[in-house]
Amino acid sequence: APRVFSGIKPSGGLTLGNYLGAIKRFVEMADGEFETIYCVVDLHAITVWQDPAELTQATREVAAGYIASGIDPEKSILFNQAAVSGHAELAWIFNCVARVGWMNRMTQFKEKAGKNAEAVSLGLYAYPALMAADILLYHATHVPVGEDQKQHVELTRDIAAKFNHDYRTDFFPLTEPVIEGPAMRVMNLRDGTKKMSKSGESDMERINMLDDADTIAKKFRKARTDPAPIPGKVKELADRPEARNLVEIYAALSGTSAEAVLAEHEGAGWGAFKPALADLAVARLGPISDEMRRLLDDPAEIDRTLARGAERARQVAAPILAKTYEIVGLVRG
Ligand code: AQP
């Protein structure tokens, strides 16, 4: 079966963006024809400062989010990155394959570093090489991600191609990003030109998977919109980022298209649309967050589940890593 790898950083609580852009499709792929490997990418999280206790808590929260959303840890391999040392080992080799010029073109780095590029961690800069290692350590061919991660998956292909070229091999596969459906880029509720992030400044700009019903309703009620009513055609949303975002979220949550949502709500005002959207989000996220809270009551059990997943991940990774060392000519005793 084709192999899928993807991950989420425990850099804060899970958001609706992580759910729609990633987890929802992780579940669909796990139920499909794929062998699925899902990771809590804690080594990526520490590319910016994380309080140690909060990092541990967020690692368990992401794991609970996966399981509560319907990923079966007996079927999929579910683990955290730090528990499988091959990620860091292969990342070093890829640091030596990737070129500085490639990293300089990464838009996420530019956004995250801002004007402060000299002061960010070296890890933040090298992040895409670690991500390539995450994927290629398992020879994964398909990577479901949100739109924001597309460039990094393309870089993974470049790294695989350069490794294969330099060492005259076809050892690493060329990976495909899997990005389809509405809401592959969920935007910030206060500014429709920025993406919804775990680590954004204000809690009002995002829906957290653990938010309760009242909080979700309040955040949608206060979400920024424009005064015009809901249009009939998707192209009329082109210059209305906030409006488009709410319509796409509605479409993704209800399993339809933006066209279908507009057909149903054309001419309505936001005052009517927002409560309907909040009800939909609560109906969808409520059972998941209840289950997450139940799982988080027993952190030791989550840790055991991750440890079992790590053991399975190591078994898949070990021969691939050993072969990589051999191809490069590194003697390992
Ligand atoms: N707003 C989003 N819309 C659609 N998909 C999204 N993803 C994240 N935000 C959105 C997808 O979730 C997966 C995991 O992402 P991540 O946590 O590893 O990194 P990120 O994209 O940097 O996420 P955040 O929430 O923005 O974290 P911070 O604020 O810490 O940097 C990916 O598949 C991503 O596409």
# chains A, B, ... in the order shown; residues from 1 in each chain; ligands from 1
call {"tool": "select_by_dssp", "arguments": {"residues": "range 12-222 of chain A", "states": "alpha helix (DSSP H)", "output": "MDAnalysis selection string"}}
result
chainID A and resid 16:18 24:30 42:45 52:69 86:95 100:104 107:113 122:136 150:166 213:221
call {"tool": "residues_around", "arguments": {"residues": "Gly70 in chain A", "least_positions_apart": "5", "cutoff": "12 Å", "atoms": "only C-alpha atoms", "output": "NGL selection string"}}
result
:A and (19 or 23-31 or 63-65 or 75-76 or 287-289 or 291-292)
call {"tool": "write_last_selection", "arguments": {"atoms": "N, CA and C atoms", "output": "PDB file, in the first residue's frame"}}
result
ATOM      1  N   TYR A  19      -7.377  21.016  12.309  1.00  0.00           N
ATOM      2  CA  TYR A  19      -8.396  19.974  12.111  1.00  0.00           C
ATOM      3  C   TYR A  19      -8.784  19.863  10.638  1.00  0.00           C
ATOM      4  N   ILE A  23      -5.927  17.050  10.250  1.00  0.00           N
ATOM      5  CA  ILE A  23      -6.431  15.856  10.949  1.00  0.00           C
ATOM      6  C   ILE A  23      -7.615  15.194  10.243  1.00  0.00           C
ATOM      7  N   LYS A  24      -8.553  16.015   9.749  1.00  0.00           N
ATOM      8  CA  LYS A  24      -9.743  15.457   9.108  1.00  0.00           C
ATOM      9  C   LYS A  24      -9.316  14.542   7.943  1.00  0.00           C
ATOM     10  N   ARG A  25      -8.323  14.986   7.207  1.00  0.00           N
ATOM     11  CA  ARG A  25      -7.882  14.164   6.086  1.00  0.00           C
ATOM     12  C   ARG A  25      -6.951  13.041   6.499  1.00  0.00           C
ATOM     13  N   PHE A  26      -6.261  13.208   7.631  1.00  0.00           N
ATOM     14  CA  PHE A  26      -5.471  12.080   8.147  1.00  0.00           C
ATOM     15  C   PHE A  26      -6.417  10.907   8.423  1.00  0.00           C
ATOM     16  N   VAL A  27      -7.577  11.242   8.991  1.00  0.00           N
ATOM     17  CA  VAL A  27      -8.554  10.198   9.327  1.00  0.00           C
ATOM     18  C   VAL A  27      -9.061   9.529   8.044  1.00  0.00           C
ATOM     19  N   GLU A  28      -9.404  10.333   7.044  1.00  0.00           N
ATOM     20  CA  GLU A  28      -9.910   9.763   5.788  1.00  0.00           C
ATOM     21  C   GLU A  28      -8.864   8.837   5.151  1.00  0.00           C
ATOM     22  N   MET A  29      -7.600   9.267   5.186  1.00  0.00           N
ATOM     23  CA  MET A  29      -6.558   8.440   4.551  1.00  0.00           C
ATOM     24  C   MET A  29      -6.300   7.173   5.355  1.00  0.00           C
ATOM     25  N   ALA A  30      -6.414   7.273   6.677  1.00  0.00           N
ATOM     26  CA  ALA A  30      -6.220   6.076   7.519  1.00  0.00           C
ATOM     27  C   ALA A  30      -7.312   5.048   7.243  1.00  0.00           C
ATOM     28  N   ASP A  31      -8.494   5.545   6.880  1.00  0.00           N
ATOM     29  CA  ASP A  31      -9.600   4.638   6.574  1.00  0.00           C
ATOM     30  C   ASP A  31      -9.534   4.132   5.133  1.00  0.00           C
ATOM     31  N   ALA A  63      -1.625  14.239  20.457  1.00  0.00           N
ATOM     32  CA  ALA A  63      -1.889  12.792  20.377  1.00  0.00           C
ATOM     33  C   ALA A  63      -3.364  12.509  20.660  1.00  0.00           C
ATOM     34  N   ALA A  64      -3.907  13.143  21.691  1.00  0.00           N
ATOM     35  CA  ALA A  64      -5.321  12.947  22.039  1.00  0.00           C
ATOM     36  C   ALA A  64      -6.215  13.438  20.899  1.00  0.00           C
ATOM     37  N   GLY A  65      -5.818  14.540  20.256  1.00  0.00           N
ATOM     38  CA  GLY A  65      -6.593  15.075  19.125  1.00  0.00           C
ATOM     39  C   GLY A  65      -6.653  14.089  17.965  1.00  0.00           C
ATOM     40  N   LYS A  75      -4.041   0.744  14.212  1.00  0.00           N
ATOM     41  CA  LYS A  75      -3.962   0.624  12.763  1.00  0.00           C
ATOM     42  C   LYS A  75      -2.879   1.567  12.219  1.00  0.00           C
ATOM     43  N   SER A  76      -3.052   2.855  12.430  1.00  0.00           N
ATOM     44  CA  SER A  76      -2.011   3.814  12.033  1.00  0.00           C
ATOM     45  C   SER A  76      -0.861   3.729  13.025  1.00  0.00           C
ATOM     46  N   PRO A 287     -18.059  16.510  20.222  1.00  0.00           N
ATOM     47  CA  PRO A 287     -17.761  15.125  20.608  1.00  0.00           C
ATOM     48  C   PRO A 287     -16.257  14.840  20.610  1.00  0.00           C
ATOM     49  N   ILE A 288     -15.523  15.487  19.703  1.00  0.00           N
ATOM     50  CA  ILE A 288     -14.069  15.259  19.647  1.00  0.00           C
ATOM     51  C   ILE A 288     -13.406  15.858  20.884  1.00  0.00           C
ATOM     52  N   SER A 289     -13.810  17.080  21.254  1.00  0.00           N
ATOM     53  CA  SER A 289     -13.151  17.692  22.420  1.00  0.00           C
ATOM     54  C   SER A 289     -13.533  16.960  23.705  1.00  0.00           C
ATOM     55  N   GLU A 291     -13.990  13.764  23.977  1.00  0.00           N
ATOM     56  CA  GLU A 291     -13.132  12.577  23.987  1.00  0.00           C
ATOM     57  C   GLU A 291     -11.673  12.954  24.281  1.00  0.00           C
ATOM     58  N   MET A 292     -11.237  14.096  23.735  1.00  0.00           N
ATOM     59  CA  MET A 292      -9.861  14.546  24.042  1.00  0.00           C
ATOM     60  C   MET A 292      -9.683  14.757  25.548  1.00  0.00           C
TER      61      MET A 292
END
call {"tool": "residues_near_ligand", "arguments": {"ligand": "ligand 1", "cutoff": "8 Å", "atoms": "only C-alpha atoms and all ligand atoms", "output": "ChimeraX atom specification"}}
result
/A:6-12,14-23,41,44-45,112,144-150,183-188,195-200
call {"tool": "residues_around", "arguments": {"residues": "range 155-167 of chain A", "least_positions_apart": "6", "cutoff": "12 Å", "atoms": "only C-alpha atoms", "output": "VMD selection string"}}
result
chain A and resid 90 to 91 93 to 99 101 to 107 126 to 137 139 to 143 149 173 to 177 324 to 329
call {"tool": "write_last_selection", "arguments": {"atoms": "N, CA and C atoms", "output": "compact mmCIF listing (two decimals), in the first residue's frame"}}
result
# COMPACT_ATOMS: atom_id res chain seq x y z
N LEU A 90 18.75 11.46 10.16
CA LEU A 90 18.60 11.68 8.72
C LEU A 90 18.57 13.18 8.40
N ALA A 91 18.03 13.97 9.34
CA ALA A 91 18.00 15.42 9.14
C ALA A 91 19.41 15.97 8.98
N ILE A 93 22.02 14.45 7.71
CA ILE A 93 22.48 14.12 6.35
C ILE A 93 21.82 15.06 5.34
N PHE A 94 20.53 15.32 5.53
CA PHE A 94 19.82 16.21 4.59
C PHE A 94 20.27 17.67 4.74
N ASN A 95 20.72 18.05 5.93
CA ASN A 95 21.30 19.40 6.08
C ASN A 95 22.51 19.55 5.15
N CYS A 96 23.17 18.41 4.90
CA CYS A 96 24.36 18.44 4.06
C CYS A 96 24.03 18.26 2.58
N VAL A 97 22.78 17.92 2.29
CA VAL A 97 22.32 17.79 0.89
C VAL A 97 21.65 19.09 0.44
N ALA A 98 20.80 19.64 1.31
CA ALA A 98 20.04 20.86 0.97
C ALA A 98 21.01 22.04 0.84
N ARG A 99 20.63 23.00 0.02
CA ARG A 99 21.47 24.19 -0.20
C ARG A 99 20.91 25.39 0.57
N GLY A 101 20.67 28.35 -0.38
CA GLY A 101 19.79 29.14 -1.26
C GLY A 101 18.35 28.62 -1.27
N TRP A 102 18.21 27.29 -1.15
CA TRP A 102 16.84 26.73 -1.11
C TRP A 102 16.11 27.21 0.15
N MET A 103 16.82 27.16 1.26
CA MET A 103 16.21 27.56 2.54
C MET A 103 15.82 29.04 2.50
N ASN A 104 16.66 29.83 1.83
CA ASN A 104 16.39 31.28 1.76
C ASN A 104 15.08 31.58 1.03
N ARG A 105 14.61 30.64 0.23
CA ARG A 105 13.37 30.88 -0.52
C ARG A 105 12.11 30.43 0.21
N MET A 106 12.25 29.88 1.40
CA MET A 106 11.08 29.35 2.11
C MET A 106 10.24 30.49 2.69
N THR A 107 9.01 30.60 2.22
CA THR A 107 8.19 31.75 2.65
C THR A 107 7.80 31.64 4.12
N ALA A 126 16.58 25.54 9.44
CA ALA A 126 16.80 24.19 8.89
C ALA A 126 15.54 23.31 8.94
N TYR A 127 14.49 23.83 9.52
CA TYR A 127 13.22 23.11 9.69
C TYR A 127 12.82 22.27 8.47
N PRO A 128 12.87 22.82 7.24
CA PRO A 128 12.41 22.01 6.10
C PRO A 128 13.27 20.77 5.84
N ALA A 129 14.54 20.79 6.24
CA ALA A 129 15.38 19.60 6.05
C ALA A 129 14.97 18.51 7.05
N LEU A 130 14.58 18.93 8.26
CA LEU A 130 14.07 17.95 9.24
C LEU A 130 12.75 17.39 8.74
N MET A 131 11.93 18.25 8.14
CA MET A 131 10.64 17.76 7.63
C MET A 131 10.86 16.75 6.50
N ALA A 132 11.85 17.00 5.65
CA ALA A 132 12.17 16.03 4.59
C ALA A 132 12.59 14.70 5.21
N ALA A 133 13.37 14.78 6.29
CA ALA A 133 13.81 13.56 6.98
C ALA A 133 12.61 12.81 7.57
N ASP A 134 11.66 13.55 8.15
CA ASP A 134 10.47 12.90 8.73
C ASP A 134 9.78 12.03 7.69
N ILE A 135 9.64 12.58 6.50
CA ILE A 135 8.88 11.93 5.44
C ILE A 135 9.68 10.78 4.82
N LEU A 136 10.96 11.08 4.50
CA LEU A 136 11.75 10.12 3.73
C LEU A 136 12.33 8.99 4.59
N LEU A 137 12.35 9.20 5.92
CA LEU A 137 12.79 8.13 6.83
C LEU A 137 11.89 6.90 6.68
N HIS A 139 10.19 6.42 3.66
CA HIS A 139 9.89 6.31 2.21
C HIS A 139 8.41 6.60 1.94
N ALA A 140 7.86 7.59 2.65
CA ALA A 140 6.45 7.94 2.42
C ALA A 140 6.32 8.61 1.05
N THR A 141 5.22 8.30 0.37
CA THR A 141 5.02 8.86 -0.97
C THR A 141 3.93 9.93 -0.99
N HIS A 142 3.06 9.93 0.03
CA HIS A 142 1.95 10.88 0.07
C HIS A 142 1.95 11.62 1.41
N VAL A 143 1.84 12.94 1.35
CA VAL A 143 1.86 13.75 2.56
C VAL A 143 0.66 14.70 2.58
N GLN A 149 1.87 24.31 3.87
CA GLN A 149 3.04 23.42 3.92
C GLN A 149 3.46 22.91 2.54
N PRO A 173 12.08 8.08 -2.68
CA PRO A 173 10.97 8.38 -3.59
C PRO A 173 10.70 9.88 -3.65
N LEU A 174 10.06 10.32 -4.72
CA LEU A 174 9.64 11.71 -4.84
C LEU A 174 8.22 11.81 -4.30
N THR A 175 8.08 12.59 -3.24
CA THR A 175 6.83 12.62 -2.47
C THR A 175 5.83 13.60 -3.06
N GLU A 176 4.54 13.24 -2.97
CA GLU A 176 3.47 14.13 -3.43
C GLU A 176 2.77 14.79 -2.24
N PRO A 177 2.59 16.11 -2.28
CA PRO A 177 1.69 16.70 -1.27
C PRO A 177 0.25 16.37 -1.65
N THR A 324 20.79 4.25 4.09
CA THR A 324 21.22 5.61 3.80
C THR A 324 22.68 5.82 4.24
N TYR A 325 23.01 5.38 5.47
CA TYR A 325 24.39 5.48 5.94
C TYR A 325 25.34 4.76 4.98
N GLU A 326 24.90 3.60 4.54
CA GLU A 326 25.76 2.80 3.64
C GLU A 326 25.97 3.54 2.31
N ILE A 327 24.90 4.10 1.75
CA ILE A 327 25.01 4.81 0.47
C ILE A 327 25.98 5.99 0.60
N VAL A 328 25.89 6.69 1.75
CA VAL A 328 26.73 7.88 1.95
C VAL A 328 28.18 7.48 2.22
N GLY A 329 28.40 6.21 2.67
CA GLY A 329 29.77 5.76 2.95
C GLY A 329 30.19 6.00 4.38
call {"tool": "residues_around", "arguments": {"residues": "Thr215 in chain A", "least_positions_apart": "4", "cutoff": "12 Å", "atoms": "only C-alpha atoms", "output": "PyMOL selection string"}}
result
chain A and resi 203-211+219-222+278-279+281-282+286
call {"tool": "write_last_selection", "arguments": {"atoms": "N, CA and C atoms", "output": "JSON list (two decimals), in the first residue's frame"}}
result
[["chain", "number", "residue", "atom", "x", "y", "z"],
["A", 203, "ASP", "N", -6.29, 34.95, 21.32],
["A", 203, "ASP", "CA", -7.10, 33.73, 21.28],
["A", 203, "ASP", "C", -8.37, 33.92, 20.45],
["A", 204, "MET", "N", -8.82, 35.18, 20.31],
["A", 204, "MET", "CA", -10.04, 35.45, 19.55],
["A", 204, "MET", "C", -9.87, 35.21, 18.05],
["A", 205, "GLU", "N", -8.62, 35.08, 17.61],
["A", 205, "GLU", "CA", -8.41, 34.92, 16.17],
["A", 205, "GLU", "C", -8.49, 33.47, 15.72],
["A", 206, "ARG", "N", -8.61, 32.55, 16.66],
["A", 206, "ARG", "CA", -8.65, 31.13, 16.28],
["A", 206, "ARG", "C", -9.73, 30.39, 17.07],
["A", 207, "ILE", "N", -10.17, 29.26, 16.50],
["A", 207, "ILE", "CA", -11.02, 28.32, 17.24],
["A", 207, "ILE", "C", -10.09, 27.19, 17.66],
["A", 208, "ASN", "N", -10.04, 26.93, 18.97],
["A", 208, "ASN", "CA", -9.25, 25.80, 19.46],
["A", 208, "ASN", "C", -10.14, 24.56, 19.52],
["A", 209, "MET", "N", -9.55, 23.41, 19.26],
["A", 209, "MET", "CA", -10.37, 22.18, 19.31],
["A", 209, "MET", "C", -10.93, 21.95, 20.70],
["A", 210, "LEU", "N", -10.28, 22.48, 21.74],
["A", 210, "LEU", "CA", -10.78, 22.29, 23.10],
["A", 210, "LEU", "C", -11.69, 23.42, 23.58],
["A", 211, "ASP", "N", -12.01, 24.39, 22.70],
["A", 211, "ASP", "CA", -12.94, 25.45, 23.11],
["A", 211, "ASP", "C", -14.33, 24.88, 23.39],
["A", 219, "LYS", "N", -16.60, 33.51, 19.50],
["A", 219, "LYS", "CA", -15.53, 33.81, 18.55],
["A", 219, "LYS", "C", -16.07, 34.01, 17.14],
["A", 220, "PHE", "N", -17.03, 33.19, 16.73],
["A", 220, "PHE", "CA", -17.62, 33.40, 15.40],
["A", 220, "PHE", "C", -18.45, 34.69, 15.37],
["A", 221, "ARG", "N", -19.17, 34.98, 16.48],
["A", 221, "ARG", "CA", -19.98, 36.21, 16.51],
["A", 221, "ARG", "C", -19.09, 37.43, 16.33],
["A", 222, "LYS", "N", -17.92, 37.38, 16.96],
["A", 222, "LYS", "CA", -17.01, 38.55, 16.89],
["A", 222, "LYS", "C", -16.06, 38.49, 15.70],
["A", 278, "ALA", "N", -21.57, 28.54, 13.93],
["A", 278, "ALA", "CA", -21.14, 28.13, 15.27],
["A", 278, "ALA", "C", -21.80, 26.80, 15.66],
["A", 279, "ASP", "N", -23.09, 26.64, 15.34],
["A", 279, "ASP", "CA", -23.77, 25.38, 15.67],
["A", 279, "ASP", "C", -23.11, 24.20, 14.97],
["A", 281, "ALA", "N", -19.99, 24.02, 13.93],
["A", 281, "ALA", "CA", -18.66, 23.77, 14.51],
["A", 281, "ALA", "C", -18.79, 23.03, 15.85],
["A", 282, "VAL", "N", -19.77, 23.44, 16.65],
["A", 282, "VAL", "CA", -19.96, 22.78, 17.94],
["A", 282, "VAL", "C", -20.39, 21.32, 17.74],
["A", 286, "GLY", "N", -17.54, 19.27, 19.20],
["A", 286, "GLY", "CA", -17.94, 18.94, 20.58],
["A", 286, "GLY", "C", -17.61, 17.51, 20.99]]
call {"tool": "residues_around", "arguments": {"residues": "range 293-303 of chain A", "least_positions_apart": "6", "cutoff": "10 Å", "atoms": "only C-alpha atoms", "output": "list in words"}}
result
Thr56, Gln57, Thr59, Arg60, Glu61, Ala63, Ala64, Gly65, Ile67, Ala68, Phe79, Asn80, Leu210 and Gly309 of chain A
call {"tool": "write_last_selection", "arguments": {"atoms": "N, CA and C atoms", "output": "compact mmCIF listing (two decimals), in the first residue's frame"}}
result
# COMPACT_ATOMS: atom_id res chain seq x y z
N THR A 56 5.31 19.29 26.88
CA THR A 56 4.85 17.94 27.23
C THR A 56 3.33 17.86 27.15
N GLN A 57 2.66 18.85 27.72
CA GLN A 57 1.20 18.88 27.71
C GLN A 57 0.66 18.94 26.27
N THR A 59 2.13 18.00 23.56
CA THR A 59 2.42 16.73 22.86
C THR A 59 1.30 15.74 23.11
N ARG A 60 0.88 15.65 24.38
CA ARG A 60 -0.23 14.74 24.70
C ARG A 60 -1.53 15.24 24.08
N GLU A 61 -1.69 16.56 24.03
CA GLU A 61 -2.94 17.09 23.46
C GLU A 61 -3.04 16.77 21.97
N ALA A 63 -1.62 14.24 20.46
CA ALA A 63 -1.89 12.79 20.38
C ALA A 63 -3.36 12.51 20.66
N ALA A 64 -3.91 13.14 21.69
CA ALA A 64 -5.32 12.95 22.04
C ALA A 64 -6.22 13.44 20.90
N GLY A 65 -5.82 14.54 20.26
CA GLY A 65 -6.59 15.07 19.13
C GLY A 65 -6.65 14.09 17.97
N ILE A 67 -6.34 10.79 18.18
CA ILE A 67 -7.12 9.60 18.55
C ILE A 67 -8.61 9.95 18.63
N ALA A 68 -8.92 11.08 19.27
CA ALA A 68 -10.33 11.48 19.45
C ALA A 68 -11.00 11.77 18.11
N PHE A 79 2.97 8.30 16.93
CA PHE A 79 4.11 8.42 17.87
C PHE A 79 4.61 9.86 17.88
N ASN A 80 5.56 10.15 18.76
CA ASN A 80 6.18 11.48 18.74
C ASN A 80 7.63 11.37 18.26
N LEU A 210 -10.28 22.48 21.74
CA LEU A 210 -10.78 22.29 23.10
C LEU A 210 -11.69 23.42 23.58
N GLY A 309 3.70 3.15 19.43
CA GLY A 309 3.81 3.64 18.05
C GLY A 309 5.27 3.88 17.67
call {"tool": "atom_distance", "arguments": {"atom1": "CA of Gly255 in chain A", "atom2": "CA of Arg240 in chain A"}}
result
22.1 Å
call {"tool": "decode", "arguments": {"residues": "range 2-18 of chain A", "atoms": "N, CA and C atoms", "output": "PDB file, in the first residue's frame"}}
result
ATOM      1  N   PRO A   2       0.472   2.323  -0.694  1.00  0.00           N
ATOM      2  CA  PRO A   2       1.252   3.553  -0.633  1.00  0.00           C
ATOM      3  C   PRO A   2       1.330   4.045   0.811  1.00  0.00           C
ATOM      4  N   ARG A   3       2.457   4.637   1.165  1.00  0.00           N
ATOM      5  CA  ARG A   3       2.651   5.030   2.558  1.00  0.00           C
ATOM      6  C   ARG A   3       2.475   6.532   2.729  1.00  0.00           C
ATOM      7  N   VAL A   4       1.713   6.882   3.762  1.00  0.00           N
ATOM      8  CA  VAL A   4       1.422   8.280   4.086  1.00  0.00           C
ATOM      9  C   VAL A   4       2.157   8.659   5.361  1.00  0.00           C
ATOM     10  N   PHE A   5       2.800   9.828   5.358  1.00  0.00           N
ATOM     11  CA  PHE A   5       3.348  10.386   6.603  1.00  0.00           C
ATOM     12  C   PHE A   5       2.842  11.804   6.738  1.00  0.00           C
ATOM     13  N   SER A   6       2.463  12.204   7.954  1.00  0.00           N
ATOM     14  CA  SER A   6       2.247  13.626   8.217  1.00  0.00           C
ATOM     15  C   SER A   6       2.389  13.880   9.710  1.00  0.00           C
ATOM     16  N   GLY A   7       2.430  15.146  10.075  1.00  0.00           N
ATOM     17  CA  GLY A   7       2.636  15.482  11.481  1.00  0.00           C
ATOM     18  C   GLY A   7       2.058  16.827  11.851  1.00  0.00           C
ATOM     19  N   ILE A   8       1.968  17.047  13.137  1.00  0.00           N
ATOM     20  CA  ILE A   8       1.529  18.343  13.670  1.00  0.00           C
ATOM     21  C   ILE A   8       2.469  18.715  14.815  1.00  0.00           C
ATOM     22  N   LYS A   9       2.827  19.999  14.860  1.00  0.00           N
ATOM     23  CA  LYS A   9       3.733  20.497  15.909  1.00  0.00           C
ATOM     24  C   LYS A   9       2.980  20.736  17.215  1.00  0.00           C
ATOM     25  N   PRO A  10       3.517  20.272  18.336  1.00  0.00           N
ATOM     26  CA  PRO A  10       2.879  20.606  19.617  1.00  0.00           C
ATOM     27  C   PRO A  10       3.356  21.964  20.130  1.00  0.00           C
ATOM     28  N   SER A  11       3.049  22.999  19.361  1.00  0.00           N
ATOM     29  CA  SER A  11       3.515  24.347  19.731  1.00  0.00           C
ATOM     30  C   SER A  11       2.379  25.151  20.344  1.00  0.00           C
ATOM     31  N   GLY A  12       1.348  24.458  20.828  1.00  0.00           N
ATOM     32  CA  GLY A  12       0.188  25.108  21.428  1.00  0.00           C
ATOM     33  C   GLY A  12      -0.986  24.174  21.230  1.00  0.00           C
ATOM     34  N   GLY A  13      -2.172  24.668  21.553  1.00  0.00           N
ATOM     35  CA  GLY A  13      -3.358  23.828  21.409  1.00  0.00           C
ATOM     36  C   GLY A  13      -3.757  23.695  19.947  1.00  0.00           C
ATOM     37  N   LEU A  14      -4.397  22.577  19.601  1.00  0.00           N
ATOM     38  CA  LEU A  14      -4.842  22.354  18.222  1.00  0.00           C
ATOM     39  C   LEU A  14      -5.926  23.345  17.835  1.00  0.00           C
ATOM     40  N   THR A  15      -5.895  23.800  16.579  1.00  0.00           N
ATOM     41  CA  THR A  15      -6.891  24.754  16.089  1.00  0.00           C
ATOM     42  C   THR A  15      -7.797  24.102  15.044  1.00  0.00           C
ATOM     43  N   LEU A  16      -8.855  24.843  14.713  1.00  0.00           N
ATOM     44  CA  LEU A  16      -9.735  24.419  13.626  1.00  0.00           C
ATOM     45  C   LEU A  16      -8.946  24.305  12.310  1.00  0.00           C
ATOM     46  N   GLY A  17      -7.916  25.134  12.136  1.00  0.00           N
ATOM     47  CA  GLY A  17      -7.052  25.042  10.951  1.00  0.00           C
ATOM     48  C   GLY A  17      -6.345  23.697  10.896  1.00  0.00           C
ATOM     49  N   ASN A  18      -5.802  23.261  12.026  1.00  0.00           N
ATOM     50  CA  ASN A  18      -5.154  21.954  12.069  1.00  0.00           C
ATOM     51  C   ASN A  18      -6.164  20.843  11.791  1.00  0.00           C
TER      52      ASN A  18
END
